[in-house]
Amino acid sequence: MVFGNQIDPLLLCSASEDYIIMWNMDECREKALKGLTPRGTVLGSPLQTVLCLRFSPDDRALAVCAGNKISMMDVEKQSVLVELKGHQGSVTAVEFCPWQAHTLFSVSEDRSFKVWDFCVGSLIYSSSILTAYPLLNLLINEENQQLVTGSADGQLWIFSLMEGHHYHCVAHVDLRKKKETFTTRRMMTEQYGLPGHQYHCRYEVDKRGEAEATFPVLNLAHCDLCLPDSQGGGLAPECTTCIWIGSSTALFILNLASFELEAALHLKEFQSLSVQVAGSCAVMNEPISAKAVCILSSMFGSKIAVLEISLSALLSAQQCPRAGRMLSVLASSCVLPTSPLYFGIIKEKFPKLANTKRHAVKSAVEHRPLVFHTKVKSSGYTSAPHMAMFSPKTNIKHNNRRSSKYKNNYKCKEYSESFLPRNLIRQVAVAQAPVAVTCLQFSGDGQQLACGLGNHLSLVFDASLSGAPAAFSGHDGAVNTVCWSHDKRWLLSTARDRTLRVWSVPRTEFVMLLAADAFPKPVASAQFYYMDTFILLSSGPEFCLLKYHIDLCRDDIRRYKPKSRYKPIFRLPTTSAADITSLSAVNDFYSHIILTAGRDRTVEVFDLNAGCSAAVLAEVHSRPVHRICQNKGSSFIAQQSLAYNLFLTTAVGDGVRLWDLRNLRCVRCFEGHPNRSYPCGVAFSPCGKLMACGAEDRHAYVYEMGSSSFLYRLAGHTDTVTEVAFNPAASQLITATLDGKLQLFVAE
């Protein structure tokens with residue numbers, strides 16, 4: 001049975017083994033009030049069992065699914081318009097497209113979906129086989145223009161219906177895994193909120209005597225659940241779209257932005273419920289009250305049960321709030337005296353460096369002759385006196401422009417969030433032989449680009465990729481990390497030779513070295529921190545703060561012995577004692593927050609003002625996170641202060657996820673790009689409204705924060721796109737490929 005979409009008149013269509021009957025509910029109500037028997041209009045007799053009925057948006061056409069064909073019937077003329085044939089199995093569900101009047105979507109037991117133009121009876125698109133189990137249900141998300149379909153083994157696929165996306169797969173959801181992740185996060189949140197908690201790396205649930213459950217998708221329905229969205233600084237008035245998923249033993253609420261479960265309701269938890277295993281179900285939202293009604297029919301009997309669900313009560317019972325204050329990247333208080341960031345305590349622990357430069361200069365010129373040249377220029381006592389002591393130059397044209405030492409010949413457009421970098425204007429090979437580009441980073445002024453290579457070199461290019469790059473050679477392994485200092489004078493790099501080097505950018509030589517034996521385990525990642533006050537690095541399961549001093553004095557005889565020095569002042573291990581795979585902190589302004597990702601698939605938040613761990617996010621991805629990217633903004637464009645609390649995580653084979661530090665929730669998931677085997681980079685745009693990432697199909701994908709479907713793709717690459725970087729000062733995007741090429745994209 002199915003109701004029509006129009007209210008006047010309200011139609012109902014029912015199908016059985018004998019007839020397909022159309023009912024006018026207003027006429028039936030009038031006849032029932034008069035004591036007469038309501039009668040409907042017979043549309044026809046099906047030759048096979050009808051599995052699905054669906055009205056068109058205007059109620060003029062009716063789709064009847066019987067066997068492997070779809071019959072389109074004219075409701076007024078009571079005749080068959082066209083028969084749609086093409087499926088190899090029984091058609092289980094159909095849906096009309098709300099924004100395209102002549103388009104119909106169908107799924108079948110042949111494990112594929114098809115797109116039809118039912119007016120002419122032609123097939124528009126046919127998908128490949130998605131799974132080993134039949135597809136049972138279908139839903140069209142009009143807001144995001146997406147198609148959602150579910151199978152008998154509890155798998156969901158979300159496809160983009162936007163023009164030009166060619167029915168691209170946006171996400172794949174496994175209900176069983178999502179349910180386990182949801183349960184683990186709930187248990188961890190409850191335990192973490194208790195005082196004196198102890199962290200356990202895994203929560204082992206005793207499943208002895210229980211069979212592994214699958215959740216066949218019996219029903220998909222829209223859910224009127226208003227969850228505040230977090231993109232745009234968390235001030236957006238829109239609500240995240242959610243759907244109901246009805247299964248044989250449970251009901252789920254799935255967030256279509258993050259593809260995470262918001263709630264799970266298991267039927268076995270209700271002892272008084274007459275239906276414990278459902279054969280079919282239907283869910284309807286009550287528009288006035290924040291409630292939903294679910295009708296369940298038993299799989300093993302003739303019982304029917306009705307559930308009334310309060311959404312607010314369900315969410316409050318299953319989503320545990322975190323204890324403590326709300327975290328923020330922007331520092332909201334002064335540095336505490338007990339904090340490792342407190343300069344007074346650091347100054348006491350570290351020797352005074354006030355007279356270091358003076359003593360270094362004194363020792364550098366000691367035991368040297370006073371004159372280095374064979375000829376000495378005359379002082380001018382024998383020459384005639386000058387009549388004019390000073391004559392200014394008046395023929396210099398400044399044109400109101402300041403000269404710059406690093407001035408380039410390429411004039412960049414001023415950054416504007418309305419200009420999207422789409423046009424490929426330049427491609428440069430970083431080396432003569434193919435070599436992977438492992439990391440990219442722009443300087444804060446957008447004038448220079450640093451990149452690390454797999455052949456132990458670090459290069460610094462002009463922002464326009466013109467001219468010869470400056471080479472920094474010294475590592476004995478592939479470079480893992482490059483990082484600019486805030487004042488653009490220093491460049492930090494780490495490599496697989498387990499060393500860390502700080503380079504002088506003007507001199508292209510290293511000024512500080514951390515040897516391989518400085519830490520017991522290799523340095524996985526490192527960066528400047530707290531406005532260049534510290535060097536922050538991770539080694540094994542802990543991160544470390546280094547106070548450093550760079551000696552600028554030059555001693556040509558002993559230049560192989562740099563006099564710069566460092567001292568560890570603070571160490572802190574992760575709660576789970578798992579090795580850190582990625583680390584991130586803001587250096588452009590003062591921030592107390594540090595983010596770390598571990599091999600146990602967790603992300604831990606540290607507050608260095610308190611000097612301890614502040615939160616732990618469990619089961620962030622299905623694999624360990626290889627990159628954390630924070631929204632650090634740019635000095636060339638303003639953002640809302642709350643937008644700095646957003647950060648991205650990415651893992652091989654599990655897409656990119658957007659997180660909000662304030663509520664420690666995943667607010668959106670981006671899975672529309674292929675990334676199955678190689679760790680690809682990710683980057684925020686300076687405006688904070690776009691995200692770019694690499695992919696293995698030789699494209700770079702650009703997403704908008706408000707949509708899980710990609711905005712556009714950048715072509716022109718010759719290999720896997722490994723790294724991406726936005727220019728903070730111009731509408732530019734630079735991508736790097738596995739074969740060692742850089743591509744420069746600019747706005748139109």
# chains A, B, ... in the order shown; residues from 1 in each chain; ligands from 1

$ residues_around --residues "Gly611 of chain A" --least-positions-apart "3" --cutoff "10 Å" --atoms "only C-alpha atoms" --output "number ranges by chain"
A: 336, 338-341, 570-572, 592, 606-608, 614

$ residues_around --residues "segment 155-159 of chain A" --least-positions-apart "2" --cutoff "9 Å" --atoms "only C-alpha atoms" --output "MDAnalysis selection string"
chainID A and resid 130:131 145:153 161 167:176 215:217 256 709

$ residues_around --residues "Leu265 of chain A" --least-positions-apart "2" --cutoff "8 Å" --atoms "only C-alpha atoms" --output "list of chain:residue names"
A:Ala250, A:Leu251, A:Phe252, A:Ala263, A:Leu267, A:Glu269

$ select_by_dssp --residues "segment 567-671 of chain A" --states "helix (DSSP H, G or I)" --output "PDB file with all heavy atoms, in the first residue's frame"
ATOM      1  N   SER A 641      35.675  33.407  14.593  1.00  0.00           N
ATOM      2  CA  SER A 641      36.569  32.833  15.607  1.00  0.00           C
ATOM      3  C   SER A 641      36.258  31.369  15.872  1.00  0.00           C
ATOM      4  O   SER A 641      37.167  30.576  16.155  1.00  0.00           O
ATOM      5  CB  SER A 641      36.460  33.644  16.905  1.00  0.00           C
ATOM      6  OG  SER A 641      35.123  33.621  17.400  1.00  0.00           O
ATOM      7  N   LEU A 642      34.995  30.977  15.761  1.00  0.00           N
ATOM      8  CA  LEU A 642      34.643  29.581  16.025  1.00  0.00           C
ATOM      9  C   LEU A 642      35.106  28.648  14.918  1.00  0.00           C
ATOM     10  O   LEU A 642      35.192  27.434  15.127  1.00  0.00           O
ATOM     11  CB  LEU A 642      33.127  29.456  16.206  1.00  0.00           C
ATOM     12  CG  LEU A 642      32.521  30.213  17.394  1.00  0.00           C
ATOM     13  CD1 LEU A 642      31.012  30.018  17.428  1.00  0.00           C
ATOM     14  CD2 LEU A 642      33.135  29.737  18.701  1.00  0.00           C
ATOM     15  N   ALA A 643      35.392  29.183  13.729  1.00  0.00           N
ATOM     16  CA  ALA A 643      35.809  28.331  12.616  1.00  0.00           C
ATOM     17  C   ALA A 643      37.177  27.713  12.851  1.00  0.00           C
ATOM     18  O   ALA A 643      37.510  26.688  12.242  1.00  0.00           O
ATOM     19  CB  ALA A 643      35.812  29.128  11.321  1.00  0.00           C
ATOM     20  N   TYR A 644      37.991  28.311  13.715  1.00  0.00           N
ATOM     21  CA  TYR A 644      39.319  27.757  13.983  1.00  0.00           C
ATOM     22  C   TYR A 644      39.254  26.456  14.781  1.00  0.00           C
ATOM     23  O   TYR A 644      40.279  25.780  14.930  1.00  0.00           O
ATOM     24  CB  TYR A 644      40.165  28.781  14.742  1.00  0.00           C
ATOM     25  CG  TYR A 644      40.503  29.997  13.918  1.00  0.00           C
ATOM     26  CD1 TYR A 644      39.803  31.187  14.081  1.00  0.00           C
ATOM     27  CD2 TYR A 644      41.512  29.954  12.970  1.00  0.00           C
ATOM     28  CE1 TYR A 644      40.102  32.306  13.323  1.00  0.00           C
ATOM     29  CE2 TYR A 644      41.825  31.064  12.208  1.00  0.00           C
ATOM     30  CZ  TYR A 644      41.115  32.245  12.382  1.00  0.00           C
ATOM     31  OH  TYR A 644      41.413  33.340  11.624  1.00  0.00           O
ATOM     32  N   ASN A 645      38.075  26.093  15.288  1.00  0.00           N
ATOM     33  CA  ASN A 645      37.929  24.851  16.043  1.00  0.00           C
ATOM     34  C   ASN A 645      37.693  23.642  15.144  1.00  0.00           C
ATOM     35  O   ASN A 645      37.526  22.531  15.648  1.00  0.00           O
ATOM     36  CB  ASN A 645      36.773  24.976  17.042  1.00  0.00           C
ATOM     37  CG  ASN A 645      37.047  26.005  18.111  1.00  0.00           C
ATOM     38  OD1 ASN A 645      38.112  26.016  18.713  1.00  0.00           O
ATOM     39  ND2 ASN A 645      36.096  26.897  18.349  1.00  0.00           N
TER      40      ASN A 645
END

$ residues_around --residues "Pro38 of chain A" --least-positions-apart "6" --cutoff "10 Å" --atoms "only C-alpha atoms" --output "PDB file with N, CA, C and O atoms, in the first residue's frame"
ATOM      1  N   TRP A  23      -7.908   4.087  -4.197  1.00  0.00           N
ATOM      2  CA  TRP A  23      -8.918   4.535  -3.249  1.00  0.00           C
ATOM      3  C   TRP A  23      -8.819   6.057  -3.095  1.00  0.00           C
ATOM      4  O   TRP A  23      -7.726   6.591  -2.901  1.00  0.00           O
ATOM      5  N   ASN A  24      -9.983   6.702  -3.188  1.00  0.00           N
ATOM      6  CA  ASN A  24     -10.080   8.124  -2.857  1.00  0.00           C
ATOM      7  C   ASN A  24     -10.510   8.216  -1.397  1.00  0.00           C
ATOM      8  O   ASN A  24     -11.649   7.878  -1.053  1.00  0.00           O
ATOM      9  N   MET A  25      -9.607   8.688  -0.538  1.00  0.00           N
ATOM     10  CA  MET A  25      -9.859   8.633   0.897  1.00  0.00           C
ATOM     11  C   MET A  25     -11.006   9.550   1.318  1.00  0.00           C
ATOM     12  O   MET A  25     -11.735   9.245   2.282  1.00  0.00           O
ATOM     13  N   GLU A  27     -13.753  10.227  -0.506  1.00  0.00           N
ATOM     14  CA  GLU A  27     -14.994   9.526  -0.846  1.00  0.00           C
ATOM     15  C   GLU A  27     -15.239   8.347   0.088  1.00  0.00           C
ATOM     16  O   GLU A  27     -16.390   8.083   0.484  1.00  0.00           O
ATOM     17  N   CYS A  28     -14.177   7.658   0.437  1.00  0.00           N
ATOM     18  CA  CYS A  28     -14.330   6.519   1.351  1.00  0.00           C
ATOM     19  C   CYS A  28     -14.809   6.985   2.724  1.00  0.00           C
ATOM     20  O   CYS A  28     -15.632   6.307   3.374  1.00  0.00           O
ATOM     21  N   ARG A  29     -14.316   8.135   3.178  1.00  0.00           N
ATOM     22  CA  ARG A  29     -14.739   8.653   4.477  1.00  0.00           C
ATOM     23  C   ARG A  29     -16.221   9.043   4.454  1.00  0.00           C
ATOM     24  O   ARG A  29     -16.971   8.769   5.403  1.00  0.00           O
ATOM     25  N   GLU A  30     -16.648   9.685   3.362  1.00  0.00           N
ATOM     26  CA  GLU A  30     -18.058  10.077   3.258  1.00  0.00           C
ATOM     27  C   GLU A  30     -18.974   8.853   3.226  1.00  0.00           C
ATOM     28  O   GLU A  30     -20.029   8.837   3.876  1.00  0.00           O
ATOM     29  N   LYS A  31     -18.589   7.841   2.472  1.00  0.00           N
ATOM     30  CA  LYS A  31     -19.422   6.636   2.409  1.00  0.00           C
ATOM     31  C   LYS A  31     -19.453   5.903   3.743  1.00  0.00           C
ATOM     32  O   LYS A  31     -20.484   5.350   4.142  1.00  0.00           O
ATOM     33  N   ALA A  32     -18.337   5.900   4.446  1.00  0.00           N
ATOM     34  CA  ALA A  32     -18.301   5.234   5.749  1.00  0.00           C
ATOM     35  C   ALA A  32     -19.183   5.956   6.750  1.00  0.00           C
ATOM     36  O   ALA A  32     -19.832   5.319   7.599  1.00  0.00           O
TER      37      ALA A  32
END

$ select_by_dssp --residues "segment 504-627 of chain A" --states "strand (DSSP E)" --output "PyMOL selection string"
chain A and resi 504+509-514+523-529+534-539+542-549+565-573+580-584+593-598+603-607+612-617+627

$ residues_around --residues "Ser582 of chain A" --least-positions-apart "6" --cutoff "8 Å" --atoms "only C-alpha atoms" --output "list in words"
Ala524, Ser525, Thr596, Ala597, Gly598, Val625, His626, Arg627 and Ile628 of chain A

$ atom_distance --atom1 "atom CA of Leu314 of chain A" --atom2 "atom CA of Asp224 of chain A"
13.4 Å

$ closest_residue --among "A:Glu723, A:Glu260, A:Asp697, A:Glu704" --to "Val620 of chain A" --atoms "only C-alpha atoms"
A:Glu260

$ residues_around --residues "Tyr701 of chain A" --least-positions-apart "4" --cutoff "10 Å" --atoms "only C-alpha atoms" --output "count of residues only"
18

$ atom_distance --atom1 "atom CA of Val603 of chain A" --atom2 "atom CA of Leu617 of chain A"
5.1 Å

$ residues_around --residues "Gly279 of chain A" --least-positions-apart "2" --cutoff "9 Å" --atoms "only C-alpha atoms" --output "PDB file with C-alpha atoms, in the first residue's frame"
ATOM      1  CA  LEU A 218      13.979  -3.002   5.457  1.00  0.00           C
ATOM      2  CA  SER A 247      16.139  -3.313  10.233  1.00  0.00           C
ATOM      3  CA  SER A 248      14.943  -6.695  11.460  1.00  0.00           C
ATOM      4  CA  VAL A 277      12.377  -9.828  14.891  1.00  0.00           C
ATOM      5  CA  CYS A 281       8.676  -1.947   9.122  1.00  0.00           C
ATOM      6  CA  LEU A 296       6.639  -3.419  12.911  1.00  0.00           C
ATOM      7  CA  SER A 297       5.313  -6.687  11.528  1.00  0.00           C
ATOM      8  CA  SER A 298       6.686  -9.949  12.884  1.00  0.00           C
ATOM      9  CA  MET A 299       8.793 -12.195  10.668  1.00  0.00           C
ATOM     10  CA  PHE A 300       7.631 -15.425  12.362  1.00  0.00           C
TER      11      PHE A 300
END

$ closest_residue --among "A:Ser539, A:Phe647, A:Asp26, A:Lys179" --to "Asp517 of chain A" --atoms "only C-alpha atoms"
A:Ser539

$ atom_distance --atom1 "atom CA of Ser485 of chain A" --atom2 "atom CA of Tyr342 of chain A"
20.4 Å

$ closest_residue --among "A:Val479, A:Leu664, A:Ala331, A:Val586" --to "Met531 of chain A" --atoms "only C-alpha atoms"
A:Val586

$ closest_residue --among "A:Ser443, A:Thr184, A:Gln319, A:Ser493" --to "Leu457 of chain A" --atoms "only C-alpha atoms"
A:Ser493

$ decode --residues "segment 153-182 of chain A" --atoms "N, CA, C and O atoms" --output "PDB file, in the first residue's frame"
ATOM      1  N   ASP A 153      22.370  -7.313   3.480  1.00  0.00           N
ATOM      2  CA  ASP A 153      23.432  -7.585   4.451  1.00  0.00           C
ATOM      3  C   ASP A 153      23.818  -6.352   5.249  1.00  0.00           C
ATOM      4  O   ASP A 153      24.885  -6.337   5.878  1.00  0.00           O
ATOM      5  N   GLY A 154      22.984  -5.327   5.252  1.00  0.00           N
ATOM      6  CA  GLY A 154      23.225  -4.156   6.082  1.00  0.00           C
ATOM      7  C   GLY A 154      24.225  -3.170   5.515  1.00  0.00           C
ATOM      8  O   GLY A 154      24.883  -2.464   6.281  1.00  0.00           O
ATOM      9  N   GLN A 155      24.356  -3.107   4.196  1.00  0.00           N
ATOM     10  CA  GLN A 155      25.248  -2.156   3.549  1.00  0.00           C
ATOM     11  C   GLN A 155      24.425  -1.027   2.933  1.00  0.00           C
ATOM     12  O   GLN A 155      23.365  -1.263   2.356  1.00  0.00           O
ATOM     13  N   LEU A 156      24.943   0.201   3.054  1.00  0.00           N
ATOM     14  CA  LEU A 156      24.295   1.360   2.443  1.00  0.00           C
ATOM     15  C   LEU A 156      25.269   2.037   1.488  1.00  0.00           C
ATOM     16  O   LEU A 156      26.468   2.121   1.770  1.00  0.00           O
ATOM     17  N   TRP A 157      24.736   2.531   0.372  1.00  0.00           N
ATOM     18  CA  TRP A 157      25.516   3.305  -0.586  1.00  0.00           C
ATOM     19  C   TRP A 157      24.806   4.632  -0.811  1.00  0.00           C
ATOM     20  O   TRP A 157      23.576   4.688  -0.935  1.00  0.00           O
ATOM     21  N   ILE A 158      25.606   5.684  -0.866  1.00  0.00           N
ATOM     22  CA  ILE A 158      25.087   7.022  -1.138  1.00  0.00           C
ATOM     23  C   ILE A 158      25.730   7.517  -2.420  1.00  0.00           C
ATOM     24  O   ILE A 158      26.972   7.563  -2.528  1.00  0.00           O
ATOM     25  N   PHE A 159      24.908   7.880  -3.402  1.00  0.00           N
ATOM     26  CA  PHE A 159      25.374   8.350  -4.698  1.00  0.00           C
ATOM     27  C   PHE A 159      24.937   9.797  -4.905  1.00  0.00           C
ATOM     28  O   PHE A 159      23.845  10.201  -4.477  1.00  0.00           O
ATOM     29  N   SER A 160      25.790  10.551  -5.593  1.00  0.00           N
ATOM     30  CA  SER A 160      25.477  11.947  -5.887  1.00  0.00           C
ATOM     31  C   SER A 160      24.660  12.026  -7.168  1.00  0.00           C
ATOM     32  O   SER A 160      25.022  11.426  -8.191  1.00  0.00           O
ATOM     33  N   LEU A 161      23.566  12.787  -7.131  1.00  0.00           N
ATOM     34  CA  LEU A 161      22.714  12.997  -8.293  1.00  0.00           C
ATOM     35  C   LEU A 161      22.902  14.379  -8.891  1.00  0.00           C
ATOM     36  O   LEU A 161      22.113  14.795  -9.750  1.00  0.00           O
ATOM     37  N   MET A 162      23.945  15.093  -8.460  1.00  0.00           N
ATOM     38  CA  MET A 162      24.193  16.429  -8.997  1.00  0.00           C
ATOM     39  C   MET A 162      24.625  16.344 -10.456  1.00  0.00           C
ATOM     40  O   MET A 162      25.238  15.367 -10.892  1.00  0.00           O
ATOM     41  N   GLU A 163      24.328  17.399 -11.188  1.00  0.00           N
ATOM     42  CA  GLU A 163      24.673  17.434 -12.595  1.00  0.00           C
ATOM     43  C   GLU A 163      26.188  17.458 -12.760  1.00  0.00           C
ATOM     44  O   GLU A 163      26.893  18.246 -12.136  1.00  0.00           O
ATOM     45  N   GLY A 164      26.685  16.591 -13.601  1.00  0.00           N
ATOM     46  CA  GLY A 164      28.116  16.509 -13.851  1.00  0.00           C
ATOM     47  C   GLY A 164      28.858  15.535 -12.963  1.00  0.00           C
ATOM     48  O   GLY A 164      30.041  15.276 -13.205  1.00  0.00           O
ATOM     49  N   HIS A 165      28.200  14.978 -11.935  1.00  0.00           N
ATOM     50  CA  HIS A 165      28.872  14.021 -11.051  1.00  0.00           C
ATOM     51  C   HIS A 165      28.775  12.591 -11.552  1.00  0.00           C
ATOM     52  O   HIS A 165      29.469  11.710 -11.032  1.00  0.00           O
ATOM     53  N   HIS A 166      27.891  12.340 -12.523  1.00  0.00           N
ATOM     54  CA  HIS A 166      27.772  11.033 -13.176  1.00  0.00           C
ATOM     55  C   HIS A 166      27.530   9.918 -12.161  1.00  0.00           C
ATOM     56  O   HIS A 166      28.156   8.853 -12.225  1.00  0.00           O
ATOM     57  N   TYR A 167      26.621  10.177 -11.219  1.00  0.00           N
ATOM     58  CA  TYR A 167      26.207   9.192 -10.216  1.00  0.00           C
ATOM     59  C   TYR A 167      27.414   8.655  -9.458  1.00  0.00           C
ATOM     60  O   TYR A 167      27.581   7.452  -9.257  1.00  0.00           O
ATOM     61  N   HIS A 168      28.252   9.592  -9.031  1.00  0.00           N
ATOM     62  CA  HIS A 168      29.479   9.262  -8.299  1.00  0.00           C
ATOM     63  C   HIS A 168      29.123   8.771  -6.895  1.00  0.00           C
ATOM     64  O   HIS A 168      28.249   9.329  -6.222  1.00  0.00           O
ATOM     65  N   CYS A 169      29.800   7.712  -6.444  1.00  0.00           N
ATOM     66  CA  CYS A 169      29.555   7.170  -5.101  1.00  0.00           C
ATOM     67  C   CYS A 169      30.159   8.103  -4.057  1.00  0.00           C
ATOM     68  O   CYS A 169      31.373   8.348  -4.059  1.00  0.00           O
ATOM     69  N   VAL A 170      29.332   8.604  -3.165  1.00  0.00           N
ATOM     70  CA  VAL A 170      29.777   9.535  -2.135  1.00  0.00           C
ATOM     71  C   VAL A 170      30.280   8.791  -0.902  1.00  0.00           C
ATOM     72  O   VAL A 170      31.298   9.162  -0.304  1.00  0.00           O
ATOM     73  N   ALA A 171      29.590   7.726  -0.518  1.00  0.00           N
ATOM     74  CA  ALA A 171      29.983   7.012   0.703  1.00  0.00           C
ATOM     75  C   ALA A 171      29.417   5.602   0.670  1.00  0.00           C
ATOM     76  O   ALA A 171      28.426   5.307  -0.015  1.00  0.00           O
ATOM     77  N   HIS A 172      30.065   4.734   1.427  1.00  0.00           N
ATOM     78  CA  HIS A 172      29.622   3.355   1.640  1.00  0.00           C
ATOM     79  C   HIS A 172      29.605   3.113   3.144  1.00  0.00           C
ATOM     80  O   HIS A 172      30.609   3.347   3.822  1.00  0.00           O
ATOM     81  N   VAL A 173      28.479   2.658   3.661  1.00  0.00           N
ATOM     82  CA  VAL A 173      28.274   2.518   5.102  1.00  0.00           C
ATOM     83  C   VAL A 173      27.961   1.065   5.417  1.00  0.00           C
ATOM     84  O   VAL A 173      27.081   0.455   4.785  1.00  0.00           O
ATOM     85  N   ASP A 174      28.683   0.529   6.391  1.00  0.00           N
ATOM     86  CA  ASP A 174      28.419  -0.809   6.917  1.00  0.00           C
ATOM     87  C   ASP A 174      27.734  -0.637   8.273  1.00  0.00           C
ATOM     88  O   ASP A 174      28.344  -0.164   9.231  1.00  0.00           O
ATOM     89  N   LEU A 175      26.466  -1.027   8.363  1.00  0.00           N
ATOM     90  CA  LEU A 175      25.692  -0.802   9.578  1.00  0.00           C
ATOM     91  C   LEU A 175      26.269  -1.554  10.772  1.00  0.00           C
ATOM     92  O   LEU A 175      26.271  -1.037  11.899  1.00  0.00           O
ATOM     93  N   ARG A 176      26.760  -2.754  10.556  1.00  0.00           N
ATOM     94  CA  ARG A 176      27.302  -3.523  11.672  1.00  0.00           C
ATOM     95  C   ARG A 176      28.541  -2.841  12.260  1.00  0.00           C
ATOM     96  O   ARG A 176      28.683  -2.712  13.477  1.00  0.00           O
ATOM     97  N   LYS A 177      29.439  -2.365  11.392  1.00  0.00           N
ATOM     98  CA  LYS A 177      30.633  -1.676  11.874  1.00  0.00           C
ATOM     99  C   LYS A 177      30.277  -0.336  12.517  1.00  0.00           C
ATOM    100  O   LYS A 177      30.875   0.059  13.527  1.00  0.00           O
ATOM    101  N   LYS A 178      29.326   0.368  11.935  1.00  0.00           N
ATOM    102  CA  LYS A 178      28.923   1.648  12.513  1.00  0.00           C
ATOM    103  C   LYS A 178      28.288   1.455  13.883  1.00  0.00           C
ATOM    104  O   LYS A 178      28.481   2.260  14.799  1.00  0.00           O
ATOM    105  N   LYS A 179      27.560   0.365  14.052  1.00  0.00           N
ATOM    106  CA  LYS A 179      26.945   0.088  15.348  1.00  0.00           C
ATOM    107  C   LYS A 179      28.016  -0.230  16.391  1.00  0.00           C
ATOM    108  O   LYS A 179      27.943   0.228  17.540  1.00  0.00           O
ATOM    109  N   GLU A 180      29.044  -0.996  16.004  1.00  0.00           N
ATOM    110  CA  GLU A 180      30.131  -1.294  16.938  1.00  0.00           C
ATOM    111  C   GLU A 180      30.908  -0.037  17.305  1.00  0.00           C
ATOM    112  O   GLU A 180      31.273   0.163  18.468  1.00  0.00           O
ATOM    113  N   THR A 181      31.167   0.823  16.326  1.00  0.00           N
ATOM    114  CA  THR A 181      31.862   2.087  16.606  1.00  0.00           C
ATOM    115  C   THR A 181      31.039   2.977  17.517  1.00  0.00           C
ATOM    116  O   THR A 181      31.569   3.608  18.445  1.00  0.00           O
ATOM    117  N   PHE A 182      29.729   3.020  17.267  1.00  0.00           N
ATOM    118  CA  PHE A 182      28.836   3.833  18.099  1.00  0.00           C
ATOM    119  C   PHE A 182      28.840   3.337  19.542  1.00  0.00           C
ATOM    120  O   PHE A 182      28.897   4.130  20.491  1.00  0.00           O
TER     121      PHE A 182
END
